[in-house]
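K.L.:
Just so it is clear, I am handing over target-v1.tsv, which has TSV, C-alpha atoms.
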```
chain	number	residue	atom	x	y	z
A	1	MET	CA	185.45	80.17	123.16
A	2	LEU	CA	181.97	81.30	122.09
A	3	ASP	CA	180.10	84.31	123.35
A	4	PHE	CA	177.07	83.91	125.62
A	5	GLU	CA	174.40	84.26	122.93
A	6	THR	CA	176.13	81.82	120.57
A	7	SER	CA	176.71	79.27	123.32
A	8	LEU	CA	173.11	79.48	124.46
A	9	ALA	CA	171.81	79.14	120.88
A	10	ARG	CA	173.94	76.07	120.25
A	11	LEU	CA	172.84	74.43	123.46
A	12	ALA	CA	169.25	75.10	122.44
A	13	ILE	CA	169.92	73.33	119.13
A	14	ALA	CA	171.45	70.39	121.01
A	15	LEU	CA	168.32	70.19	123.15
A	16	ALA	CA	166.09	70.45	120.07
A	17	ILE	CA	167.99	67.60	118.41
A	18	GLY	CA	167.39	65.39	121.43
A	19	LEU	CA	163.72	66.38	121.51
A	20	LEU	CA	163.30	65.55	117.84
A	21	ILE	CA	164.80	62.09	118.23
A	22	GLY	CA	162.88	61.58	121.47
A	23	LEU	CA	159.61	62.55	119.80
A	24	GLU	CA	159.94	59.72	117.30
A	25	ARG	CA	161.24	57.22	119.86
A	26	GLY	CA	158.51	58.11	122.33
A	27	TRP	CA	155.79	57.87	119.72
A	28	SER	CA	157.00	54.48	118.45
A	29	SER	CA	156.85	53.08	122.02
A	30	ARG	CA	153.77	55.01	123.14
A	31	GLU	CA	151.87	51.77	123.89
A	32	GLU	CA	154.36	50.70	126.56
A	33	LYS	CA	153.60	51.50	130.16
A	34	GLU	CA	155.51	54.15	132.09
A	35	GLY	CA	158.96	52.88	133.02
A	36	GLY	CA	158.75	50.07	130.51
A	37	ARG	CA	161.25	51.61	128.07
A	38	ALA	CA	164.90	52.55	128.47
A	39	ALA	CA	164.51	56.05	126.97
A	40	GLY	CA	161.59	58.27	126.00
A	41	ILE	CA	161.18	61.82	124.83
A	42	ARG	CA	162.57	63.37	128.05
A	43	THR	CA	165.58	61.07	128.22
A	44	HIS	CA	166.51	61.68	124.59
A	45	ALA	CA	166.08	65.44	125.03
A	46	LEU	CA	168.38	65.33	128.05
A	47	SER	CA	170.84	63.18	126.08
A	48	GLY	CA	171.12	65.82	123.38
A	49	LEU	CA	171.55	68.56	125.96
A	50	LEU	CA	174.12	66.45	127.82
A	51	GLY	CA	176.11	66.10	124.60
A	52	GLY	CA	176.00	69.86	124.11
A	53	VAL	CA	177.09	70.59	127.70
A	54	SER	CA	179.89	68.02	127.42
A	55	GLY	CA	181.06	69.71	124.25
A	56	GLN	CA	181.05	73.09	125.99
A	57	LEU	CA	183.03	71.71	128.93
A	58	SER	CA	185.58	70.08	126.65
A	59	SER	CA	186.15	73.37	124.84
A	60	LEU	CA	186.71	75.13	128.17
A	61	THR	CA	188.91	72.44	129.72
A	62	ASP	CA	190.33	69.49	127.77
A	63	PRO	CA	189.06	67.55	124.72
A	64	SER	CA	189.30	64.31	126.69
A	65	VAL	CA	186.33	65.46	128.77
A	66	LEU	CA	184.02	64.87	125.82
A	67	GLY	CA	185.47	61.44	125.16
A	68	LEU	CA	185.10	60.35	128.78
A	69	ALA	CA	181.56	61.74	128.94
A	70	PHE	CA	180.60	59.83	125.80
A	71	LEU	CA	182.06	56.58	127.12
A	72	ALA	CA	180.21	56.96	130.41
A	73	PHE	CA	176.98	57.81	128.59
A	74	ALA	CA	177.41	54.84	126.24
A	75	LEU	CA	177.95	52.50	129.21
A	76	VAL	CA	174.84	53.68	131.06
A	77	THR	CA	172.75	53.66	127.88
A	78	GLY	CA	173.92	50.18	126.97
A	79	LEU	CA	173.04	48.80	130.41
A	80	PHE	CA	169.52	50.21	130.34
A	81	HIS	CA	168.82	48.98	126.81
A	82	TRP	CA	170.26	45.56	127.70
A	83	ALA	CA	167.86	45.39	130.64
A	84	GLU	CA	164.99	46.45	128.38
A	85	MET	CA	165.82	43.74	125.85
A	86	ARG	CA	165.88	41.11	128.59
A	87	VAL	CA	162.39	42.10	129.71
A	88	ASP	CA	161.00	42.33	126.16
A	89	ARG	CA	163.00	39.29	124.96
A	90	SER	CA	163.96	41.16	121.81
A	91	VAL	CA	167.23	42.02	120.09
A	92	SER	CA	167.54	45.52	118.66
A	93	ALA	CA	170.32	48.09	118.83
A	94	THR	CA	168.27	50.88	117.26
A	95	GLY	CA	167.26	52.51	120.54
A	96	ALA	CA	170.80	52.50	121.92
A	97	VAL	CA	172.26	53.85	118.67
A	98	ALA	CA	169.61	56.59	118.59
A	99	SER	CA	170.58	57.65	122.12
A	100	LEU	CA	174.30	57.70	121.30
A	101	LEU	CA	173.61	59.63	118.10
A	102	GLY	CA	171.57	62.22	119.98
A	103	PHE	CA	174.46	62.78	122.39
A	104	ALA	CA	177.01	63.00	119.57
A	105	LEU	CA	174.91	65.40	117.49
A	106	GLY	CA	174.33	67.56	120.57
A	107	ALA	CA	178.10	67.82	121.03
A	108	TYR	CA	178.62	68.53	117.34
A	109	ALA	CA	176.02	71.29	117.43
A	110	VAL	CA	178.21	73.05	119.99
A	111	LEU	CA	181.67	72.26	118.63
A	112	GLY	CA	180.96	72.05	114.89
A	113	ASP	CA	178.39	73.31	112.42
A	114	PRO	CA	174.92	73.37	114.05
A	115	LYS	CA	173.23	73.32	110.63
A	116	ILE	CA	174.91	70.03	109.74
A	117	ALA	CA	174.02	68.64	113.17
A	118	ALA	CA	170.37	69.60	112.70
A	119	ALA	CA	170.29	68.14	109.18
A	120	ALA	CA	171.79	64.88	110.44
A	121	ALA	CA	169.16	64.76	113.18
A	122	VAL	CA	166.34	65.18	110.68
A	123	ALA	CA	167.80	62.44	108.47
A	124	SER	CA	168.12	60.16	111.50
A	125	VAL	CA	164.51	60.71	112.54
A	126	LEU	CA	163.33	59.96	109.02
A	127	LEU	CA	165.20	56.66	109.05
A	128	LEU	CA	163.72	55.81	112.43
A	129	ALA	CA	160.18	56.75	111.39
A	130	LEU	CA	160.37	54.79	108.13
A	131	LYS	CA	161.08	51.47	109.82
A	132	GLN	CA	158.00	49.64	108.52
A	133	PRO	CA	158.15	50.94	104.92
A	134	LEU	CA	161.89	50.26	104.68
A	135	HIS	CA	161.50	46.71	105.97
A	136	GLY	CA	158.60	46.17	103.58
A	137	TRP	CA	160.64	47.42	100.63
A	138	LEU	CA	163.57	45.18	101.51
A	139	LYS	CA	161.31	42.14	101.52
A	140	ARG	CA	160.34	42.89	97.92
A	141	LEU	CA	163.93	43.09	96.71
A	142	GLU	CA	165.93	40.10	95.61
A	143	TRP	CA	169.60	39.30	95.99
A	144	ILE	CA	170.25	39.99	92.31
A	145	ASP	CA	169.15	43.60	92.83
A	146	ILE	CA	171.36	44.09	95.88
A	147	ARG	CA	174.28	42.42	94.14
A	148	ALA	CA	173.94	44.70	91.13
A	149	VAL	CA	174.11	47.80	93.32
A	150	LEU	CA	177.16	46.45	95.18
A	151	ILE	CA	178.96	45.66	91.92
A	152	LEU	CA	178.24	49.08	90.46
A	153	ALA	CA	179.21	50.82	93.71
A	154	THR	CA	182.50	48.94	93.68
A	155	MET	CA	183.20	49.84	90.07
A	156	THR	CA	182.21	53.46	90.67
A	157	PHE	CA	184.13	54.19	93.85
A	158	LEU	CA	187.08	51.85	93.32
A	159	PHE	CA	187.57	51.71	89.56
A	160	LEU	CA	186.34	55.13	88.42
A	161	PRO	CA	189.23	56.99	90.11
A	162	VAL	CA	191.78	54.92	88.15
A	163	LEU	CA	190.08	55.25	84.75
A	164	PRO	CA	191.84	57.68	82.37
A	165	ASP	CA	190.12	61.05	82.61
A	166	TYR	CA	191.23	62.26	79.20
A	167	ALA	CA	190.33	61.54	75.59
A	168	LEU	CA	192.00	58.51	74.02
A	169	ASP	CA	191.04	59.26	70.41
A	170	PRO	CA	192.12	61.99	67.97
A	171	TRP	CA	188.63	63.55	67.99
A	172	GLY	CA	188.57	64.08	71.76
A	173	ALA	CA	185.39	62.04	72.23
A	174	LEU	CA	186.35	58.86	74.10
A	175	ASN	CA	187.09	59.83	77.69
A	176	PRO	CA	186.69	56.56	79.68
A	177	ALA	CA	186.02	58.26	83.03
A	178	GLN	CA	183.48	60.65	81.53
A	179	ILE	CA	181.69	57.88	79.64
A	180	TRP	CA	181.46	55.77	82.77
A	181	ARG	CA	180.09	58.70	84.77
A	182	TYR	CA	177.44	59.21	82.08
A	183	ALA	CA	176.51	55.52	82.19
A	184	ILE	CA	176.22	55.51	85.99
A	185	PHE	CA	174.08	58.65	85.87
A	186	VAL	CA	171.60	57.16	83.40
A	187	CYS	CA	171.53	53.82	85.21
A	188	ALA	CA	170.80	55.60	88.48
A	189	ILE	CA	167.77	57.31	86.93
A	190	SER	CA	166.52	54.02	85.51
A	191	PHE	CA	167.24	52.14	88.72
A	192	SER	CA	164.99	54.46	90.71
A	193	GLY	CA	162.07	53.43	88.50
A	194	TYR	CA	163.08	49.78	88.64
A	195	ILE	CA	163.13	49.83	92.44
A	196	ALA	CA	159.77	51.63	92.46
A	197	MET	CA	158.29	48.84	90.35
A	198	ARG	CA	159.73	46.18	92.66
A	199	VAL	CA	158.38	48.02	95.70
A	200	PHE	CA	154.88	48.73	94.37
A	201	GLY	CA	154.64	45.42	92.57
A	202	THR	CA	152.62	44.69	89.45
A	203	ARG	CA	149.18	44.89	91.05
A	204	THR	CA	149.11	48.66	91.51
A	205	GLY	CA	147.38	49.47	88.25
A	206	ILE	CA	148.61	50.45	84.86
A	207	THR	CA	149.18	54.10	85.81
A	208	ILE	CA	151.90	53.36	88.37
A	209	ALA	CA	153.33	50.63	86.18
A	210	ALA	CA	153.58	52.98	83.19
A	211	LEU	CA	155.10	55.86	85.16
A	212	THR	CA	157.69	53.75	86.94
A	213	GLY	CA	158.34	51.72	83.81
A	214	GLY	CA	158.96	54.95	81.88
A	215	ILE	CA	161.75	55.83	84.30
A	216	VAL	CA	163.43	52.54	83.46
A	217	SER	CA	162.75	52.51	79.71
A	218	SER	CA	159.80	54.07	77.92
A	219	THR	CA	160.46	51.96	74.81
A	220	ALA	CA	160.47	48.70	76.75
A	221	THR	CA	157.34	49.79	78.63
A	222	THR	CA	155.56	50.63	75.37
A	223	LEU	CA	156.50	47.23	73.98
A	224	THR	CA	155.15	45.47	77.09
A	225	LEU	CA	151.90	47.45	76.94
A	226	ALA	CA	151.56	46.59	73.25
A	227	ARG	CA	151.81	42.89	74.05
A	228	PHE	CA	149.28	43.42	76.83
A	229	ALA	CA	146.86	45.02	74.36
A	230	ARG	CA	147.33	42.22	71.83
A	231	SER	CA	146.44	39.60	74.44
A	232	ASP	CA	143.29	41.55	75.33
A	233	PRO	CA	142.17	43.86	72.45
A	234	GLY	CA	139.58	45.48	74.70
A	235	THR	CA	142.37	47.19	76.64
A	236	SER	CA	143.89	49.01	73.65
A	237	ARG	CA	142.87	52.48	74.84
A	238	LEU	CA	144.00	51.62	78.34
A	239	ALA	CA	147.40	50.45	77.08
A	240	ALA	CA	147.71	53.56	74.92
A	241	GLY	CA	147.10	55.74	77.97
A	242	GLY	CA	149.85	53.96	79.87
A	243	ALA	CA	152.23	54.26	76.93
A	244	LEU	CA	151.55	58.01	76.73
A	245	LEU	CA	152.32	58.42	80.43
A	246	SER	CA	155.53	56.49	79.88
A	247	GLY	CA	156.42	58.81	77.00
A	248	ALA	CA	155.88	61.83	79.24
A	249	VAL	CA	158.37	60.35	81.70
A	250	MET	CA	160.84	59.93	78.84
A	251	ALA	CA	160.61	63.66	78.13
A	252	ALA	CA	161.21	64.34	81.81
A	253	ARG	CA	164.35	62.17	81.65
A	254	VAL	CA	165.65	64.26	78.75
A	255	LEU	CA	165.06	67.45	80.74
A	256	LEU	CA	166.77	65.98	83.81
A	257	ILE	CA	169.85	64.87	81.87
A	258	THR	CA	170.13	68.19	80.06
A	259	SER	CA	169.63	70.29	83.18
A	260	THR	CA	172.35	68.29	84.96
A	261	LEU	CA	174.97	68.35	82.20
A	262	ALA	CA	174.14	71.49	80.23
A	263	PRO	CA	171.69	73.89	81.91
A	264	SER	CA	172.37	76.45	79.20
A	265	LEU	CA	170.46	74.30	76.69
A	266	LEU	CA	167.26	74.26	78.72
A	267	SER	CA	166.13	77.62	77.38
A	268	GLY	CA	165.55	76.10	73.97
A	269	ILE	CA	164.10	72.68	74.84
A	270	ALA	CA	162.17	73.17	78.09
A	271	ALA	CA	159.04	74.83	76.62
A	272	PRO	CA	158.39	72.33	73.78
A	273	LEU	CA	159.19	69.29	75.92
A	274	LEU	CA	157.06	70.46	78.83
A	275	THR	CA	154.19	71.19	76.44
A	276	ALA	CA	154.48	67.75	74.88
A	277	MET	CA	154.59	66.21	78.37
A	278	ALA	CA	151.43	68.03	79.39
A	279	VAL	CA	149.58	66.82	76.29
A	280	GLN	CA	150.71	63.23	76.86
A	281	LEU	CA	149.68	63.31	80.49
A	282	LEU	CA	146.31	64.87	79.63
A	283	ILE	CA	145.40	62.47	76.83
A	284	GLY	CA	146.87	59.49	78.67
A	285	GLY	CA	144.83	60.37	81.73
A	286	LEU	CA	141.67	60.62	79.64
A	287	TYR	CA	142.33	57.20	78.12
A	288	LEU	CA	142.90	55.65	81.54
A	289	ASN	CA	139.85	57.36	83.01
A	290	HIS	CA	137.75	55.72	80.29
A	291	HIS	CA	138.06	52.39	82.14
A	292	GLU	CA	136.55	51.74	85.53
A	293	THR	CA	139.32	49.33	86.43
A	294	THR	CA	142.99	49.63	85.56
A	295	PRO	CA	144.66	46.21	85.52
A	296	SER	CA	148.43	46.15	85.42
A	297	PRO	CA	150.41	44.27	82.78
A	298	PRO	CA	153.35	42.22	84.06
A	299	LEU	CA	156.28	44.54	83.32
A	300	HIS	CA	159.39	42.36	83.29
A	301	LEU	CA	162.09	44.98	82.86
A	302	GLN	CA	165.79	44.22	83.20
A	303	ASN	CA	167.70	45.61	86.17
A	304	PRO	CA	169.42	48.71	84.69
A	305	PHE	CA	172.12	48.53	87.37
A	306	ASP	CA	173.19	45.10	86.20
A	307	LEU	CA	176.88	45.06	85.29
A	308	VAL	CA	176.31	43.83	81.74
A	309	SER	CA	173.58	46.42	81.14
A	310	ALA	CA	175.81	49.21	82.44
A	311	LEU	CA	178.70	48.12	80.22
A	312	GLN	CA	176.41	47.93	77.20
A	313	LEU	CA	175.10	51.43	77.93
A	314	ALA	CA	178.64	52.75	78.35
A	315	ALA	CA	179.59	51.21	75.01
A	316	LEU	CA	176.56	52.79	73.33
A	317	ILE	CA	177.32	56.18	74.85
A	318	GLY	CA	180.96	55.93	73.74
A	319	PHE	CA	179.90	54.97	70.21
A	320	ILE	CA	177.45	57.88	69.96
A	321	LEU	CA	180.04	60.31	71.34
A	322	LEU	CA	182.62	59.15	68.80
A	323	VAL	CA	180.22	59.23	65.85
A	324	THR	CA	178.99	62.67	66.90
A	325	ALA	CA	182.51	64.09	67.08
A	326	ILE	CA	183.44	62.62	63.69
A	327	THR	CA	180.19	63.86	62.15
A	328	ILE	CA	180.81	67.43	63.25
A	329	GLN	CA	184.43	67.44	62.09
A	330	TYR	CA	183.93	65.95	58.65
A	331	LEU	CA	180.28	66.58	57.74
A	332	GLY	CA	179.42	69.73	59.68
A	333	GLU	CA	176.80	70.53	62.26
A	334	ASN	CA	173.86	70.10	59.90
A	335	ALA	CA	174.67	66.39	59.60
A	336	LEU	CA	174.43	66.23	63.38
A	337	LEU	CA	170.67	66.65	63.14
A	338	ALA	CA	170.41	63.61	60.88
A	339	LEU	CA	172.52	61.64	63.35
A	340	ALA	CA	170.22	62.73	66.18
A	341	ALA	CA	167.20	61.49	64.25
A	342	LEU	CA	168.82	58.11	63.60
A	343	SER	CA	170.02	57.75	67.20
A	344	GLY	CA	166.60	58.64	68.56
A	345	ILE	CA	165.09	55.60	66.86
A	346	ALA	CA	166.91	53.31	69.28
A	347	ASP	CA	167.75	55.43	72.32
A	348	VAL	CA	167.29	59.00	73.52
A	349	ASP	CA	169.58	59.00	76.55
A	350	ALA	CA	172.83	58.36	74.69
A	351	ILE	CA	172.37	61.10	72.07
A	352	THR	CA	171.11	63.52	74.74
A	353	LEU	CA	174.21	62.86	76.84
A	354	SER	CA	176.41	63.30	73.79
A	355	LEU	CA	174.86	66.59	72.70
A	356	ALA	CA	174.65	67.99	76.23
A	357	GLY	CA	178.31	67.13	76.76
A	358	MET	CA	179.22	69.30	73.77
A	359	ALA	CA	177.56	72.42	75.18
A	360	ASP	CA	180.90	73.88	76.26
A	361	GLY	CA	182.60	73.03	72.97
A	362	ALA	CA	182.61	74.55	69.54
A	363	ALA	CA	179.14	73.35	68.52
A	364	VAL	CA	176.43	75.97	68.15
A	365	PRO	CA	173.97	75.70	71.09
A	366	GLN	CA	170.96	76.05	68.76
A	367	THR	CA	172.12	72.96	66.84
A	368	LEU	CA	172.49	70.96	70.05
A	369	MET	CA	169.01	72.00	71.23
A	370	ALA	CA	167.49	71.08	67.89
A	371	GLY	CA	169.30	67.73	67.94
A	372	ILE	CA	167.89	66.83	71.37
A	373	LEU	CA	164.36	67.74	70.30
A	374	ILE	CA	164.69	65.80	67.04
A	375	ALA	CA	165.94	62.71	68.89
A	376	ALA	CA	163.04	62.87	71.36
A	377	SER	CA	160.51	63.34	68.54
A	378	THR	CA	161.97	60.50	66.49
A	379	ASN	CA	161.83	58.18	69.48
A	380	ALA	CA	158.19	59.10	70.15
A	381	LEU	CA	157.23	58.47	66.52
A	382	THR	CA	159.13	55.18	66.48
A	383	LYS	CA	157.03	53.95	69.40
A	384	ILE	CA	153.90	54.54	67.31
A	385	ALA	CA	155.21	51.97	64.84
A	386	ILE	CA	156.09	49.60	67.70
A	387	SER	CA	152.64	49.90	69.25
A	388	ALA	CA	150.85	49.34	65.94
A	389	PHE	CA	153.03	46.43	64.84
A	390	VAL	CA	153.01	44.59	68.17
A	391	GLY	CA	149.72	45.71	69.73
A	392	GLY	CA	147.54	45.97	66.67
A	393	ARG	CA	145.78	48.68	64.68
A	394	SER	CA	143.56	49.85	67.52
A	395	LEU	CA	146.46	50.48	69.90
A	396	GLY	CA	148.46	52.14	67.13
A	397	LEU	CA	145.54	54.46	66.42
A	398	TRP	CA	144.91	55.52	70.02
A	399	PHE	CA	148.58	55.85	70.90
A	400	GLY	CA	149.41	57.50	67.59
A	401	LEU	CA	146.75	60.18	68.05
A	402	GLY	CA	148.07	61.08	71.49
A	403	THR	CA	151.73	61.03	70.43
A	404	LEU	CA	151.17	63.07	67.26
A	405	ALA	CA	149.20	65.62	69.29
A	406	ALA	CA	152.11	65.88	71.75
A	407	VAL	CA	154.74	66.24	69.01
A	408	ALA	CA	152.61	68.75	67.13
A	409	SER	CA	152.03	70.84	70.25
A	410	GLY	CA	155.75	70.92	70.93
A	411	GLY	CA	156.37	71.91	67.33
A	412	LEU	CA	153.81	74.69	67.64
A	413	ILE	CA	155.69	76.10	70.61
A	414	LEU	CA	158.86	76.11	68.51
A	415	ILE	CA	157.09	78.01	65.75
A	416	LEU	CA	155.82	80.61	68.20
A	417	TRP	CA	159.10	80.83	70.11
A	418	PRO	CA	161.93	79.61	67.84
A	419	ILE	CA	165.20	78.34	69.31
A	420	GLY	CA	167.74	81.12	69.63
```
Please express the file's structure as structure tokens.

P.N.:
Amino acid sequence: MLDFETSLARLAIALAIGLLIGLERGWSSREEKEGGRAAGIRTHALSGLLGGVSGQLSSLTDPSVLGLAFLAFALVTGLFHWAEMRVDRSVSATGAVASLLGFALGAYAVLGDPKIAAAAAVASVLLLALKQPLHGWLKRLEWIDIRAVLILATMTFLFLPVLPDYALDPWGALNPAQIWRYAIFVCAISFSGYIAMRVFGTRTGITIAALTGGIVSSTATTLTLARFARSDPGTSRLAAGGALLSGAVMAARVLLITSTLAPSLLSGIAAPLLTAMAVQLLIGGLYLNHHETTPSPPLHLQNPFDLVSALQLAALIGFILLVTAITIQYLGENALLALAALSGIADVDAITLSLAGMADGAAVPQTLMAGILIAASTNALTKIAISAFVGGRSLGLWFGLGTLAAVASGGLILILWPIG
């Protein structure tokens, strides 16, 4: 049993939960005349309070009281919403579910953790309020995107628990469960950008296209922009600006991966990477601002949550992890920097994951930090060659100036504040 102040506070939270849900429900049906809807702000507020009172009564008497109260409430709510649907000639269970949820969260605020109940109420209201945007986003998605998520969810939640969670090789590098977790993590980052591109479409301007494309793959985005510039040489500076923005997103990916897997390494890489990001964003913005209009190139990027793509990424991560472990054991940590440079030519994520995963091992942290920075720098310089070769001399010049300025600024930070 709760004391008076605690009981009163929890009932107030139950009432507030109902009011919050009722505020959104009432606003969404504000055009309907009085009495034309099954539940408005007052009804939902009372529903939350009713759930809280029912929870209090069940704690004082018998738990079945809450169950019976919920069944009676569900019956009455269902009848009123059924009558409303008959009048409106519509089919929607959202209003009824919202009412039932308000009652249940009101009861949970009294019997359980009121903070969790309040958080669930906020999440529910957000889902209710985002009806139009969510429906619009779904219309832009295709079945192949949904299928990819379902396949990866199945493999993650059904297959990941049965994967061996220990190293299978003598060097302690190939842990199937760990490699798969790394692959899912990187794919999730890329998938967020992929979905953003599908939602915003390709007519939102090169700025959005470059930023969202950089979340998926900055190298692939740079290649697309280079082809765009070759088809229209007058857009070279514009394409260079987009490629620089995409490169800034790549640096942000490196920081995100490192902060998630090895926060201890951030002290050595955050300042130079953030400085380089700022320079890329500044110069890229100046390039884009040079044009009055910002057309968007058709970015046709592969779904990163596709099963084949995920398996390929997992294989690449496993290969880098194995080569890294062998390099340290037989060639020493100095050779690791050369490996980072070579790996950065093709991919930054895999070598970043590999080095960050070694933060708790025997490797010197300064070497791991330097390896991540070298891989990021090598990748940025490689994209200069890609832009010049595919997009032409003009694109290579504009993009190269911005990229070299970013790399040099990051290097200057390292000179002023050396690692370690």

K.L.:
Atom CA of Ala177 of chain A to atom CA of Val323 of chain A: how many Å, to one decimal?

P.N.:
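Taking atom CA of Ala177 of chain A and atom CA of Val323 of chain A, their separation equals 18.2 Å.
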
K.L.:
Considering only C-alpha atoms, return as a PDB file with C-alpha atoms, in the frame of the given file whatever protein or nucleic-acid residues lie within 12 Å of Tyr182 of chain A, sequence-local ones (same chain, fewer than 5 positions apart) excluded.

P.N.:
```
ATOM      1  CA  THR A 156     182.210  53.460  90.670  1.00  0.00           C
ATOM      2  CA  LEU A 160     186.340  55.130  88.420  1.00  0.00           C
ATOM      3  CA  LEU A 174     186.350  58.860  74.100  1.00  0.00           C
ATOM      4  CA  ASN A 175     187.090  59.830  77.690  1.00  0.00           C
ATOM      5  CA  PRO A 176     186.690  56.560  79.680  1.00  0.00           C
ATOM      6  CA  ALA A 177     186.020  58.260  83.030  1.00  0.00           C
ATOM      7  CA  CYS A 187     171.530  53.820  85.210  1.00  0.00           C
ATOM      8  CA  ALA A 188     170.800  55.600  88.480  1.00  0.00           C
ATOM      9  CA  ILE A 189     167.770  57.310  86.930  1.00  0.00           C
ATOM     10  CA  ILE A 257     169.850  64.870  81.870  1.00  0.00           C
ATOM     11  CA  THR A 258     170.130  68.190  80.060  1.00  0.00           C
ATOM     12  CA  THR A 260     172.350  68.290  84.960  1.00  0.00           C
ATOM     13  CA  LEU A 261     174.970  68.350  82.200  1.00  0.00           C
ATOM     14  CA  ALA A 310     175.810  49.210  82.440  1.00  0.00           C
ATOM     15  CA  LEU A 311     178.700  48.120  80.220  1.00  0.00           C
ATOM     16  CA  LEU A 313     175.100  51.430  77.930  1.00  0.00           C
ATOM     17  CA  ALA A 314     178.640  52.750  78.350  1.00  0.00           C
ATOM     18  CA  ALA A 315     179.590  51.210  75.010  1.00  0.00           C
ATOM     19  CA  LEU A 316     176.560  52.790  73.330  1.00  0.00           C
ATOM     20  CA  ILE A 317     177.320  56.180  74.850  1.00  0.00           C
ATOM     21  CA  GLY A 318     180.960  55.930  73.740  1.00  0.00           C
ATOM     22  CA  LEU A 321     180.040  60.310  71.340  1.00  0.00           C
ATOM     23  CA  ASP A 349     169.580  59.000  76.550  1.00  0.00           C
ATOM     24  CA  ALA A 350     172.830  58.360  74.690  1.00  0.00           C
ATOM     25  CA  ILE A 351     172.370  61.100  72.070  1.00  0.00           C
ATOM     26  CA  THR A 352     171.110  63.520  74.740  1.00  0.00           C
ATOM     27  CA  LEU A 353     174.210  62.860  76.840  1.00  0.00           C
ATOM     28  CA  SER A 354     176.410  63.300  73.790  1.00  0.00           C
ATOM     29  CA  ALA A 356     174.650  67.990  76.230  1.00  0.00           C
ATOM     30  CA  GLY A 357     178.310  67.130  76.760  1.00  0.00           C
TER      31      GLY A 357
END
```

K.L.:
Give me, please, the distance in Å between atom CA of Ser59 of chain A and atom CA of Ala109 of chain A, quoted to one decimal.

P.N.:
12.7 Å

K.L.:
What is the distance between atom CA of Gly411 of chain A and atom CA of Pro272 of chain A, in Å to one decimal?

P.N.:
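Computing the Euclidean distance for atom CA of Gly411 of chain A and atom CA of Pro272 of chain A yields 6.8 Å.
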
K.L.:
Ser264 of chain A: which residues within 12 Å, counting only C-alpha atoms, same-chain residues fewer than 3 positions away excluded, as a list of chain:residue names?

P.N.:
A:Leu255, A:Thr258, A:Ser259, A:Thr260, A:Leu261, A:Ser267, A:Gly268, A:Ile269, A:Ala270, A:Ala356, A:Gly357, A:Met358, A:Ala359, A:Asp360, A:Val364, A:Pro365, A:Gln366, A:Leu368, A:Met369, A:Gly420

K.L.:
Would you pick out the contacts of Ser124 of chain A at 12 Å or less, using only C-alpha atoms, so that residues sharing its chain but fewer than 3 positions from it are not included, and give the list as number ranges by chain?

P.N.:
A: 17-18, 20-22, 24-25, 94-95, 97-102, 105, 117-121, 127-131

K.L.:
Which of these residues is nearest to His44 of chain A, using only C-alpha atoms: A:Ser387, A:Thr77, A:Asn289, A:Ser192?

P.N.:
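Selected residue with least distance to His44 of chain A: A:Thr77.
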
K.L.:
Could you give me, as a ChimeraX atom specification, the residues within 9 Å of Arg42 of chain A, counting all atoms listed in the file and dropping anything in the same chain fewer than 2 positions from it?

P.N.:
/A:18-19,22-23,26,39-40,44-47

K.L.:
So which one's closest to Val348 of chain A, A:Leu150, A:Val186, A:Ala388, A:Ile208? Using only C-alpha atoms, please.

P.N.:
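Ranked by minimum distance to Val348 of chain A, first place goes to A:Val186.
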
K.L.:
List the neighbours of Thr212 of chain A out to 7 Å using only C-alpha atoms; skip same-chain residues closer than 4 positions along the sequence, and give me the result as a list in words.

P.N.:
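Contacts, with the query itself left out: Gly193, Tyr194, Ala196, Met197, Ile208 and Val216 of chain A.
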
K.L.:
What does the file look like for those residues with C-alpha atoms, as a PDB file, in the frame of the given file?

P.N.:
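For reference, out_11.pdb as written:
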```pdb
ATOM      1  CA  GLY A 193     162.070  53.430  88.500  1.00  0.00           C
ATOM      2  CA  TYR A 194     163.080  49.780  88.640  1.00  0.00           C
ATOM      3  CA  ALA A 196     159.770  51.630  92.460  1.00  0.00           C
ATOM      4  CA  MET A 197     158.290  48.840  90.350  1.00  0.00           C
ATOM      5  CA  ILE A 208     151.900  53.360  88.370  1.00  0.00           C
ATOM      6  CA  VAL A 216     163.430  52.540  83.460  1.00  0.00           C
TER       7      VAL A 216
END
```

K.L.:
Given 6 Å of margin on each side, can you work out the centre and size in Å (one decimal) of an axis-aligned box holding every listed atom of segment 94-98 of chain A, as AutoDock Vina command-line options?

P.N.:
```
--center_x 169.8 --center_y 53.7 --center_z 119.6 --size_x 17.0 --size_y 17.7 --size_z 16.7
```

K.L.:
Identify which of the residues A:Leu288, A:Leu373, A:Ala209, A:Leu331 lies closest to Ala240 of chain A, counting all atoms listed in the file when measuring atom-to-atom distances.

P.N.:
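Ranking A:Leu288, A:Leu373, A:Ala209, A:Leu331 by distance to Ala240 of chain A, first place goes to A:Leu288.
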
K.L.:
Check the smallest atom-to-atom distance from each of A:Ala380, A:Val76, A:Leu265, A:Leu307 to Leu355 of chain A using all atoms listed in the file, then report the winner.

P.N.:
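Closest to Leu355 of chain A, using all atoms listed in the file: A:Leu265.
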
K.L.:
Restricting the calculation to all atoms listed in the file, which member of A:Gly242, A:Gly247, A:Gly51, A:Gly392 is positioned closest to Leu71 of chain A?

P.N.:
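Of all the options, A:Gly51 lies closest to Leu71 of chain A.
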
K.L.:
Counting all atoms listed in the file, which residues come within 9 Å of (176.8, 68.3, 122.6), with the point read in the file's coordinates, and could you list them as a PyMOL selection string?

P.N.:
chain A and resi 10-11+14-15+47-56+66+102-111
